[in-house]
Amino acid sequence: MKKVISSYGSKFNAMCCLIFGHHYTISRNVTSHIKEYKCLHCEKQVTTNAQGNLSNLTPERKDINEALQNIYQKRHSHSSHKQVA
Ligand SMILES: [Zn+2]
C-alpha cells in the first residue's frame, strides 16, 4: 500500500505523456537490435520486439530479454575474433 502516494505524482506525468507523448530513454541494451526503453515522465516501459516495433514491457518480455541479453553477452565474450556479418 506504499505505492499510493508515489502513483499520485505519476498520474500527472502520465497526463503530460498523453498530451506531449512519451519521452523514452534507453534503460537497457539487450542486444544490438533489442533495447528496453523507459519513459522519463510516467516510467512506462517498452521494448523492441522481434518485428522491430515497440511493445509494452511485460514481465514475460522482461524475462525473455534477460535471457537474450545473457546469450548475446556470452556470444560476444566467447568469440574474441572480430566477425563482420
Ligand atoms: Zn510517458
# chains A, B, ... in the order shown; residues from 1 in each chain; ligands from 1
call {"tool": "closest_atom_pairs", "arguments": {"of": "chain A", "to": "ligand 1", "cutoff": "7 Å", "atoms": "only C-alpha atoms and all ligand atoms", "output": "JSON lines"}}
result
{"residue": "A:Asn13", "atom": "CA", "partner": "ligand 1", "partner_atom_place_in_ligand_line": "1 (Zn)", "distance": 6.9}
{"residue": "A:Ala14", "atom": "CA", "partner": "ligand 1", "partner_atom_place_in_ligand_line": "1 (Zn)", "distance": 5.5}
{"residue": "A:Cys17", "atom": "CA", "partner": "ligand 1", "partner_atom_place_in_ligand_line": "1 (Zn)", "distance": 4.5}
{"residue": "A:Gly21", "atom": "CA", "partner": "ligand 1", "partner_atom_place_in_ligand_line": "1 (Zn)", "distance": 6.5}
{"residue": "A:His22", "atom": "CA", "partner": "ligand 1", "partner_atom_place_in_ligand_line": "1 (Zn)", "distance": 3.8}
{"residue": "A:His23", "atom": "CA", "partner": "ligand 1", "partner_atom_place_in_ligand_line": "1 (Zn)", "distance": 5.9}
{"residue": "A:Cys39", "atom": "CA", "partner": "ligand 1", "partner_atom_place_in_ligand_line": "1 (Zn)", "distance": 4.6}
{"residue": "A:Leu40", "atom": "CA", "partner": "ligand 1", "partner_atom_place_in_ligand_line": "1 (Zn)", "distance": 6.5}
{"residue": "A:His41", "atom": "CA", "partner": "ligand 1", "partner_atom_place_in_ligand_line": "1 (Zn)", "distance": 4.9}
{"residue": "A:Cys42", "atom": "CA", "partner": "ligand 1", "partner_atom_place_in_ligand_line": "1 (Zn)", "distance": 4.2}
{"residue": "A:Glu43", "atom": "CA", "partner": "ligand 1", "partner_atom_place_in_ligand_line": "1 (Zn)", "distance": 6.1}
{"residue": "A:Lys44", "atom": "CA", "partner": "ligand 1", "partner_atom_place_in_ligand_line": "1 (Zn)", "distance": 5.6}
call {"tool": "write_last_selection", "arguments": {"atoms": "C-alpha atoms", "output": "compact mmCIF listing (two decimals), in the first residue's frame"}}
result
# COMPACT_ATOMS: atom_id res chain seq x y z
CA ASN A 13 3.15 12.92 -15.51
CA ALA A 14 1.08 10.36 -17.38
CA CYS A 17 2.55 11.98 -21.82
CA GLY A 21 3.86 11.91 -25.94
CA HIS A 22 6.24 9.72 -24.03
CA HIS A 23 9.84 10.68 -23.53
CA CYS A 39 9.56 6.98 -20.19
CA LEU A 40 11.14 9.71 -18.08
CA HIS A 41 7.75 11.09 -17.05
CA CYS A 42 5.39 8.19 -16.38
CA GLU A 43 8.00 5.39 -16.16
CA LYS A 44 6.17 3.38 -18.78
call {"tool": "residues_around", "arguments": {"residues": "range 51-64 of chain A", "least_positions_apart": "5", "cutoff": "10 Å", "atoms": "only C-alpha atoms", "output": "PyMOL selection string"}}
result
chain A and resi 30+33-38+44-46+69-70
call {"tool": "write_last_selection", "arguments": {"atoms": "C-alpha atoms", "output": "PDB file, in the first residue's frame"}}
result
ATOM      1  CA  VAL A  30      19.541  -6.241 -24.597  1.00  0.00           C
ATOM      2  CA  HIS A  33      18.891  -4.601 -32.069  1.00  0.00           C
ATOM      3  CA  ILE A  34      16.736  -5.025 -28.995  1.00  0.00           C
ATOM      4  CA  LYS A  35      16.564  -2.410 -26.311  1.00  0.00           C
ATOM      5  CA  GLU A  36      14.369  -1.556 -23.373  1.00  0.00           C
ATOM      6  CA  TYR A  37      13.077   1.959 -23.018  1.00  0.00           C
ATOM      7  CA  LYS A  38      11.628   3.815 -20.097  1.00  0.00           C
ATOM      8  CA  LYS A  44       6.168   3.381 -18.782  1.00  0.00           C
ATOM      9  CA  GLN A  45       8.480   0.656 -20.069  1.00  0.00           C
ATOM     10  CA  VAL A  46       8.558  -0.646 -23.603  1.00  0.00           C
ATOM     11  CA  GLN A  69      20.991 -10.499 -23.085  1.00  0.00           C
ATOM     12  CA  ASN A  70      22.741 -13.432 -21.416  1.00  0.00           C
TER      13      ASN A  70
END
call {"tool": "select_by_dssp", "arguments": {"residues": "range 7-59 of chain A", "states": "strand (DSSP E or B)", "output": "PDB file with N, CA and C atoms, in the first residue's frame"}}
result
ATOM      1  N   TYR A  24      10.935   8.596 -24.111  1.00  0.00           N
ATOM      2  CA  TYR A  24      11.636   7.359 -23.817  1.00  0.00           C
ATOM      3  C   TYR A  24      13.149   7.560 -23.807  1.00  0.00           C
ATOM      4  N   THR A  25      13.777   6.914 -22.841  1.00  0.00           N
ATOM      5  CA  THR A  25      15.236   6.812 -22.853  1.00  0.00           C
ATOM      6  C   THR A  25      15.589   5.329 -22.744  1.00  0.00           C
ATOM      7  N   ILE A  26      16.725   4.966 -23.268  1.00  0.00           N
ATOM      8  CA  ILE A  26      17.133   3.557 -23.237  1.00  0.00           C
ATOM      9  C   ILE A  26      17.473   3.172 -21.797  1.00  0.00           C
ATOM     10  N   SER A  27      16.779   2.165 -21.299  1.00  0.00           N
ATOM     11  CA  SER A  27      17.056   1.716 -19.938  1.00  0.00           C
ATOM     12  C   SER A  27      17.953   0.485 -19.924  1.00  0.00           C
ATOM     13  N   ARG A  28      17.957  -0.223 -21.048  1.00  0.00           N
ATOM     14  CA  ARG A  28      18.838  -1.388 -21.120  1.00  0.00           C
ATOM     15  C   ARG A  28      19.078  -1.796 -22.555  1.00  0.00           C
ATOM     16  N   ASN A  29      20.330  -2.096 -22.857  1.00  0.00           N
ATOM     17  CA  ASN A  29      20.679  -2.668 -24.149  1.00  0.00           C
ATOM     18  C   ASN A  29      20.629  -4.179 -24.028  1.00  0.00           C
ATOM     19  N   LYS A  35      16.299  -3.260 -27.456  1.00  0.00           N
ATOM     20  CA  LYS A  35      16.564  -2.410 -26.311  1.00  0.00           C
ATOM     21  C   LYS A  35      15.298  -2.228 -25.481  1.00  0.00           C
ATOM     22  N   GLU A  36      15.500  -1.894 -24.223  1.00  0.00           N
ATOM     23  CA  GLU A  36      14.369  -1.556 -23.373  1.00  0.00           C
ATOM     24  C   GLU A  36      14.383  -0.052 -23.147  1.00  0.00           C
ATOM     25  N   TYR A  37      13.201   0.524 -23.199  1.00  0.00           N
ATOM     26  CA  TYR A  37      13.077   1.959 -23.018  1.00  0.00           C
ATOM     27  C   TYR A  37      12.171   2.263 -21.841  1.00  0.00           C
ATOM     28  N   LYS A  38      12.450   3.406 -21.221  1.00  0.00           N
ATOM     29  CA  LYS A  38      11.628   3.815 -20.097  1.00  0.00           C
ATOM     30  C   LYS A  38      11.266   5.280 -20.286  1.00  0.00           C
ATOM     31  N   CYS A  39       9.994   5.596 -20.065  1.00  0.00           N
ATOM     32  CA  CYS A  39       9.562   6.984 -20.187  1.00  0.00           C
ATOM     33  C   CYS A  39      10.009   7.753 -18.944  1.00  0.00           C
ATOM     34  N   GLN A  45       7.368   1.381 -19.481  1.00  0.00           N
ATOM     35  CA  GLN A  45       8.480   0.656 -20.069  1.00  0.00           C
ATOM     36  C   GLN A  45       8.051  -0.086 -21.317  1.00  0.00           C
ATOM     37  N   VAL A  46       8.829   0.065 -22.356  1.00  0.00           N
ATOM     38  CA  VAL A  46       8.558  -0.646 -23.603  1.00  0.00           C
ATOM     39  C   VAL A  46       9.839  -1.323 -24.060  1.00  0.00           C
ATOM     40  N   THR A  47       9.699  -2.230 -24.990  1.00  0.00           N
ATOM     41  CA  THR A  47      10.864  -2.922 -25.528  1.00  0.00           C
ATOM     42  C   THR A  47      10.693  -3.154 -27.019  1.00  0.00           C
ATOM     43  N   THR A  48      11.808  -3.341 -27.695  1.00  0.00           N
ATOM     44  CA  THR A  48      11.748  -3.681 -29.109  1.00  0.00           C
ATOM     45  C   THR A  48      11.357  -5.143 -29.234  1.00  0.00           C
ATOM     46  N   LEU A  54       7.944  -1.173 -31.095  1.00  0.00           N
ATOM     47  CA  LEU A  54       7.916  -1.044 -29.646  1.00  0.00           C
ATOM     48  C   LEU A  54       6.657  -1.693 -29.102  1.00  0.00           C
ATOM     49  N   SER A  55       6.791  -2.458 -28.032  1.00  0.00           N
ATOM     50  CA  SER A  55       5.630  -3.034 -27.384  1.00  0.00           C
ATOM     51  C   SER A  55       5.822  -2.963 -25.876  1.00  0.00           C
ATOM     52  N   ASN A  56       4.731  -3.069 -25.150  1.00  0.00           N
ATOM     53  CA  ASN A  56       4.786  -2.957 -23.701  1.00  0.00           C
ATOM     54  C   ASN A  56       5.747  -3.981 -23.105  1.00  0.00           C
TER      55      ASN A  56
END
call {"tool": "select_by_dssp", "arguments": {"residues": "range 5-80 of chain A", "states": "helix (DSSP H, G or I)", "output": "MDAnalysis selection string"}}
result
chainID A and resid 5:20 59:78
call {"tool": "atom_distance", "arguments": {"atom1": "CA of Thr31 in chain A", "atom2": "CA of Gln73 in chain A"}}
result
8.2 Å
